[in-house]
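Each remark here refers to the structure printed beneath this line.
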There are 2 protein chains.
Amino acid sequence: MGKKVQQSYNFNELMNLDQRVRTHLVNSIVGFRSVCLIGTINERKKTNLAIFNSIVHIGASPPLIGFFVRPDCVERHTLSNILETRYYTINHINESIFRQAHQTSARYSENVSEFEVTQINEEYKEDFLAPFVEDSHIQLGVEFKERIDIESNGTILLIGEIKQLYFQADCLCDDGFVDIEKAKSITCSGLDRYHSTKHISRLSYANIDTLPYDLTLKYNNVTNISS
Amino acid sequence: MGKKVQQSYNFNELMNLDQRVRTHLVNSIVGFRSVCLIGTINERKKTNLAIFNSIVHIGASPPLIGFFVRPDCVERHTLSNILETRYYTINHINESIFRQAHQTSARYSENVSEFEVTQINEEYKEDFLAPFVEDSHIQLGVEFKERIDIESNGTILLIGEIKQLYFQADCLCDDGFVDIEKAKSITCSGLDRYHSTKHISRLSYANIDTLPYDLTLKYNNVTNISS
């Protein structure tokens, strides 16, 4: 490949950057990320909503999902609410709510609900304690399971089990795959940039003897309809 | 919002799904993911290359990046090589190499290098031990720092420190932000679907008194040129 002009940094050069520059740089080179709103409630019934870009798949059996929190950040209300009441929601964002979602990262005080101040509608489903985001197209109700304190930098990984899951029925494929692009979920890069996506291909399971081929997305017509 | 027909699952319904269906379902509803090739080498100088979709930002000071491994998977060669030699590379993938990248997930035996069999070119830089992917536009050289065993399901989180970083100079913005869309990095959903991205907006830092506004990407013309 004819390489373009490259920028390079070694560890010492990264550490010598201005802190804000290093923060933008290191946060962007991890790649595209899942970006979701996490909804919580405390024991005094005050709700909280915060945007997170560090959501990760942990496992499918049982269904586990994780996210990273910094204890010294605005995210601390989310952390304390989860440790207090154990239940939280993870809600995909889409282009119609991403500005309000971004605004939840402002340092509102503990007695302000970001649902109210950013005018994002709460939604309560069945008997789930924590509030969902009404205008989100993929919504997960999660129960806290495991807290991991990362020695390297004091970050915390919170792992929860998926207890409830809601999404548009027309996004489900016959093999269980959910078309999150059809659900209009978006992705982000760095701390503050949002992107929509465009399908390239879904590839078949890789075998050592054959090359992967393009799969057709076959949507499932049979649905367990909910409310 | 006028809600479309929703599909819903509770925990028991998820657990009662066919295992492959549950795997696709749970892997897709986590959102869009970073997808990269991890390059390693063992003490006998045999290289290995594997695709990972569980790469996460851990922190910027020091620059830390993590990824999740299942000990029972094809990924085990990556894990054992890292524990053996401590150094590895994380390489963004783009549309020109994603099929070969996907193919690295086939269960090749330990004495096969995925670089050779998928015809992805190795690249060695300065004195870094592990091989980079030549046709990747964003390349990280990483040193292993911390291993975390997750009790909930036996998954392992490996955390490393970024020792070397290479990307196209014309993708760097003046505040340190790297335009990974301009670098043609792609994202994935679920286990097997690849997507390109389209810019929606980069938003200003959120303050409680003002609404976020759209930032213009200002590329940096001053570059520390490497090789």
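By convention here, the chains of the structure tokens are called A, B, ... in the order presented, each chain's residues are numbered starting at 1, and ligands are numbered starting at 1 in the order presented.
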
Residue hits in chain B, query chain A, radius 6 Å, only C-alpha atoms, as a count of residues only
52

Shell around region 79-84 of chain A at 9 Å using only C-alpha atoms, local window under 3 positions removed, as a PyMOL selection string
chain A and resi 40-43+47-48+69-71+75-76+87-88+143-144+158

Can you list every residue in region 16-167 of chain B that DSSP puts in strand (DSSP E or B), as a ChimeraX atom specification?
/B:33-34,36-41,47-52,55-60,63-69,87-92,94,122-123,132-133,138-149,156-167

Using C-alpha atoms, can you write the selected residues to a file as a PDB file, in the first residue's frame?
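This is the output file out25.pdb:
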ATOM      1  CA  ARG B  33     -18.474  -1.809  18.353  1.00  0.00           C
ATOM      2  CA  SER B  34     -14.857  -1.149  17.675  1.00  0.00           C
ATOM      3  CA  CYS B  36      -9.710  -4.429  15.173  1.00  0.00           C
ATOM      4  CA  LEU B  37      -7.074  -6.990  14.344  1.00  0.00           C
ATOM      5  CA  ILE B  38      -4.768  -7.947  17.214  1.00  0.00           C
ATOM      6  CA  GLY B  39      -1.289  -9.043  16.145  1.00  0.00           C
ATOM      7  CA  THR B  40       0.953 -11.130  18.402  1.00  0.00           C
ATOM      8  CA  ILE B  41       4.069 -13.274  18.267  1.00  0.00           C
ATOM      9  CA  THR B  47       2.926 -14.745  14.512  1.00  0.00           C
ATOM     10  CA  ASN B  48      -0.813 -14.724  15.106  1.00  0.00           C
ATOM     11  CA  LEU B  49      -3.589 -12.400  14.000  1.00  0.00           C
ATOM     12  CA  ALA B  50      -7.173 -12.362  15.242  1.00  0.00           C
ATOM     13  CA  ILE B  51     -10.185 -10.085  14.897  1.00  0.00           C
ATOM     14  CA  PHE B  52     -11.717  -8.682  18.078  1.00  0.00           C
ATOM     15  CA  ILE B  55     -11.946  -3.321  22.368  1.00  0.00           C
ATOM     16  CA  VAL B  56     -12.558  -0.660  25.004  1.00  0.00           C
ATOM     17  CA  HIS B  57     -11.061   2.612  26.154  1.00  0.00           C
ATOM     18  CA  ILE B  58      -9.834   2.286  29.740  1.00  0.00           C
ATOM     19  CA  GLY B  59      -8.097   5.620  30.348  1.00  0.00           C
ATOM     20  CA  ALA B  60      -6.045   8.415  28.781  1.00  0.00           C
ATOM     21  CA  PRO B  63      -3.111   5.696  27.829  1.00  0.00           C
ATOM     22  CA  LEU B  64      -4.788   2.339  28.512  1.00  0.00           C
ATOM     23  CA  ILE B  65      -6.824   0.131  26.208  1.00  0.00           C
ATOM     24  CA  GLY B  66      -8.582  -3.147  26.973  1.00  0.00           C
ATOM     25  CA  PHE B  67     -10.200  -6.082  25.243  1.00  0.00           C
ATOM     26  CA  PHE B  68     -12.107  -9.173  26.312  1.00  0.00           C
ATOM     27  CA  VAL B  69     -11.037 -12.751  25.582  1.00  0.00           C
ATOM     28  CA  TYR B  87       3.559  -7.022  23.495  1.00  0.00           C
ATOM     29  CA  TYR B  88       0.773  -6.854  20.925  1.00  0.00           C
ATOM     30  CA  THR B  89      -0.651  -4.589  18.270  1.00  0.00           C
ATOM     31  CA  ILE B  90      -4.205  -3.327  17.812  1.00  0.00           C
ATOM     32  CA  ASN B  91      -4.987  -2.366  14.207  1.00  0.00           C
ATOM     33  CA  HIS B  92      -8.176  -0.715  12.950  1.00  0.00           C
ATOM     34  CA  ASN B  94     -11.178  -0.718   6.899  1.00  0.00           C
ATOM     35  CA  GLU B 122       2.858  -7.928   8.507  1.00  0.00           C
ATOM     36  CA  GLU B 123       4.691  -4.724   9.262  1.00  0.00           C
ATOM     37  CA  PHE B 132       1.407  -4.555  12.915  1.00  0.00           C
ATOM     38  CA  VAL B 133      -1.076  -4.862  10.039  1.00  0.00           C
ATOM     39  CA  ILE B 138      -4.618   3.322  12.712  1.00  0.00           C
ATOM     40  CA  GLN B 139      -2.081   1.113  14.465  1.00  0.00           C
ATOM     41  CA  LEU B 140      -1.340   0.793  18.186  1.00  0.00           C
ATOM     42  CA  GLY B 141       1.626  -0.933  19.808  1.00  0.00           C
ATOM     43  CA  VAL B 142       0.572  -2.059  23.289  1.00  0.00           C
ATOM     44  CA  GLU B 143       2.286  -3.551  26.359  1.00  0.00           C
ATOM     45  CA  PHE B 144       0.286  -5.894  28.595  1.00  0.00           C
ATOM     46  CA  LYS B 145      -0.409  -4.421  32.052  1.00  0.00           C
ATOM     47  CA  GLU B 146      -3.292  -6.121  33.863  1.00  0.00           C
ATOM     48  CA  ARG B 147      -5.384  -9.269  33.583  1.00  0.00           C
ATOM     49  CA  ILE B 148      -8.834  -9.338  35.127  1.00  0.00           C
ATOM     50  CA  ASP B 149     -10.816 -12.547  35.410  1.00  0.00           C
ATOM     51  CA  ILE B 156     -10.896 -12.272  30.766  1.00  0.00           C
ATOM     52  CA  LEU B 157     -10.277  -8.538  30.386  1.00  0.00           C
ATOM     53  CA  LEU B 158      -6.729  -7.751  29.262  1.00  0.00           C
ATOM     54  CA  ILE B 159      -5.521  -4.187  29.767  1.00  0.00           C
ATOM     55  CA  GLY B 160      -2.458  -2.743  28.071  1.00  0.00           C
ATOM     56  CA  GLU B 161      -0.604   0.553  27.877  1.00  0.00           C
ATOM     57  CA  ILE B 162      -0.220   2.249  24.493  1.00  0.00           C
ATOM     58  CA  LYS B 163       3.505   2.392  23.710  1.00  0.00           C
ATOM     59  CA  GLN B 164       3.380   3.350  20.053  1.00  0.00           C
ATOM     60  CA  LEU B 165       0.657   4.940  17.962  1.00  0.00           C
ATOM     61  CA  TYR B 166       0.562   5.513  14.189  1.00  0.00           C
ATOM     62  CA  PHE B 167      -2.143   7.064  12.035  1.00  0.00           C
TER      63      PHE B 167
END

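Separating CA of Asp72 (chain A) from CA of Arg44 (chain A) is a distance of 22.4 Å.
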
What is the CA of Tyr219 (chain B) to CA of Lys182 (chain B) distance in Å?
11.0 Å

Hey, what does DSSP flag as helix (DSSP H, G or I) within chain A? Can you give it to me as an MDAnalysis selection string?
chainID A and resid 11:15 19:28 76:85 98:103 114:117 169:171
